[in-house]
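Data first, discussion second: the structure below is written as structure tokens.
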Amino acid sequence: MFSPCWSRLSCVALSSRGGLRTLSLFSSSGSSNWSKVVSDAEKIVGYPTSFMSLRCLLSDELSNVAMHLRKLVGTQHPLLNTARGFVYDSKNNLQMRGLVVLLLSKAAGPSHAASDLLAQDMVSGIYPSQRNLAEITELIHTAFLVHRGIVNLKEWTDSDGPLKDMQFGNKMAVLSGDFLLANACTGLAQLNNTKVVELISSAIGDLVQGVYYENSHNTEENGLNDGIDVAAWEEQTFLSHGALLAKSCQAAMELAKHDKESQRLAYKYGKHLSLGHKLNSDLQPFVKSRVGEPLSFSLSAAPIVFHRQIMGRETWHHQLQQAKTLRNQLDYSKLLAAVKSEKGVSTAMDLCCYHGNKALEAIQAFPSSEARSALENIASAVTKF
């Protein structure tokens with residue numbers, strides 16, 4: 001369970017360099033600030049991580065997949081939106097996981113125990129194996145994004161569009177996702193480090209388990225009944241959003257032969273940054289909604305989970321009934337108003353600040369440097385709404 005003290009923590013960022021910039025991670029009005037902090041961080045690690053997976057993405061195999069993907073233009077298959085997001089989404093397609101791995105690698109520097117690792121092989125203070133690990137992390141994340149675009153054909157109706165388009169899109173999602181994952185596994189084996197292989201392999205298993213939990217819980221039927229509690233939300237979110245980054249950060253320390261304490265702190269930073277990131281994302285419809293804008297959110301979003309637990313089962317069921325339309329569909333604006341009138345949103349915001357501060361706390365043990373400052377800025381950004 002969450003620490004009982006997190007609700008009392010404020011969103012004060014820890015910094016040894018005179019304060020951090022105020023950044024907006026998700027809002028469109030502050031996206032330029034977020035792009036700037038990521039751009040500054042990319043300069044620190046030596047090259048834009050936005051092109052980290054370029055070798056794989058420009059391979060002949062994936063180019064053939066991209067040619068077939070054009071056939072989905074004009075359909076409603078989510079794979080098309082996923083592919084479009086890789087190219088056009090400047091706010092979220094910034095290879096954040098790989099960037100964090102590289103920044104942590106540079107912030108930690110070479111280990112005294114790494115006698116067999118030649119310092120001259122380092123580029124911008126990062127070992128080649130650590131850069132390869134960052135690419136592998138991004139490939140795994142991208143593969144799972146593609147796989148999650150598979151449509152459940154059992155729920156597809158004729159009014160939704162031609163079934164053959166969805167079947168073709170599903171085949172493309174499976175093949176392209178598998179290709180990316182296979183390349184990641186090949187690169188992982190080439191690192192020649194059994195502990196790193198074990199860490200990243202377990203992270204892939206965590207992702208699969210987390211997505212399974214999401215698919216089984218994140219339905220309207222579950223939301224209308226009991227849904228998930230806070231403990232289940234924490235476990236599910238770590239598996240599906242936190243495990244890959246946390247274990248990749250730990251693996252980066254292992255590749256440089258840092259001690260167990262450094263590995264623990266790197267894992268802690270990745271874990272809390274991921275959880276803070278997810279909380280910030282879940283909160284956006286509740287803190288940025290405007291009158292007249294289309295509104296939709298998951299009934300397993302953090303503010304909903306906390307609201308449901310605070311209000312109790314009977315009150316929650318009554319609010320859901322009140323939010324239903326004559327066609328027995330949810331009026332999200334009514335439900336949003338009910339949630340915002342209580343403490344579910346503020347509880348989620350407090351918890352987001354808690355995780356941001358825990359990530360900042362973990363990074364303080366590393367030597368003061370530009371890389372550490374960039375990691376501090378990123379952790380601070382997830383607490384801004």
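Each chain of the structure tokens is named A, B, ... in the order shown, its residues numbered from 1; ligands are numbered from 1 in display order.
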
TODO: Using only C-alpha atoms, determine which residues lie at most 10 Å from Trp233 in chain A, disregarding the query and same-chain residues fewer than 3 positions distant; provide the list as a PyMOL selection string.
DONE: chain A and resi 1+213-214+217+227-230+236-239+300-302+305-306

Open item on the list: Can you tell me which residues surround Lys340 in chain A at a distance of at most 12 Å, considering only C-alpha atoms, apart from same-chain residues fewer than 6 positions away, and format the answer as a list in words?
Closed with: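 Surrounding residues, per the criterion: Leu283, Pro285, Phe286, Val287, Lys288, Ser289, Pro303, Ile304, Phe306, His307, Tyr332, Ser333, Lys334, Ser346, Thr347, Ala348 and Met349 of chain A.
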
Convert the current residue selection to file output with C-alpha atoms, as an mmCIF file, in the first residue's frame.
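Contents of part-v2.cif, as written:
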```
data_model
loop_
_atom_site.group_PDB
_atom_site.id
_atom_site.type_symbol
_atom_site.label_atom_id
_atom_site.label_comp_id
_atom_site.auth_asym_id
_atom_site.auth_seq_id
_atom_site.Cartn_x
_atom_site.Cartn_y
_atom_site.Cartn_z
ATOM 1 C CA LEU A 283 -5.495 13.508 -13.851
ATOM 2 C CA PRO A 285 -9.317 15.103 -17.868
ATOM 3 C CA PHE A 286 -10.084 16.236 -14.312
ATOM 4 C CA VAL A 287 -7.811 19.290 -14.203
ATOM 5 C CA LYS A 288 -7.819 20.427 -17.859
ATOM 6 C CA SER A 289 -11.408 19.811 -18.954
ATOM 7 C CA PRO A 303 -9.029 9.873 -9.402
ATOM 8 C CA ILE A 304 -11.960 7.509 -9.989
ATOM 9 C CA PHE A 306 -9.603 7.019 -5.043
ATOM 10 C CA HIS A 307 -13.055 8.635 -5.228
ATOM 11 C CA TYR A 332 -19.065 11.743 -18.309
ATOM 12 C CA SER A 333 -19.579 15.428 -17.546
ATOM 13 C CA LYS A 334 -21.940 14.575 -14.661
ATOM 14 C CA SER A 346 -6.835 16.096 -4.750
ATOM 15 C CA THR A 347 -5.820 12.699 -3.373
ATOM 16 C CA ALA A 348 -4.429 11.671 -6.757
ATOM 17 C CA MET A 349 -2.592 15.013 -7.080
#
```

Task: Atom-to-atom span, CA of Gln329 in chain A and CA of Gly312 in chain A, Å - done: 22.0 Å

- [ ] Choose the residue, out of A:Ala379, A:Ala246, A:Leu188, A:Ala374, that has the smallest atom-to-atom separation from Leu103 in chain A; count only C-alpha atoms.
- [x] A:Ala374
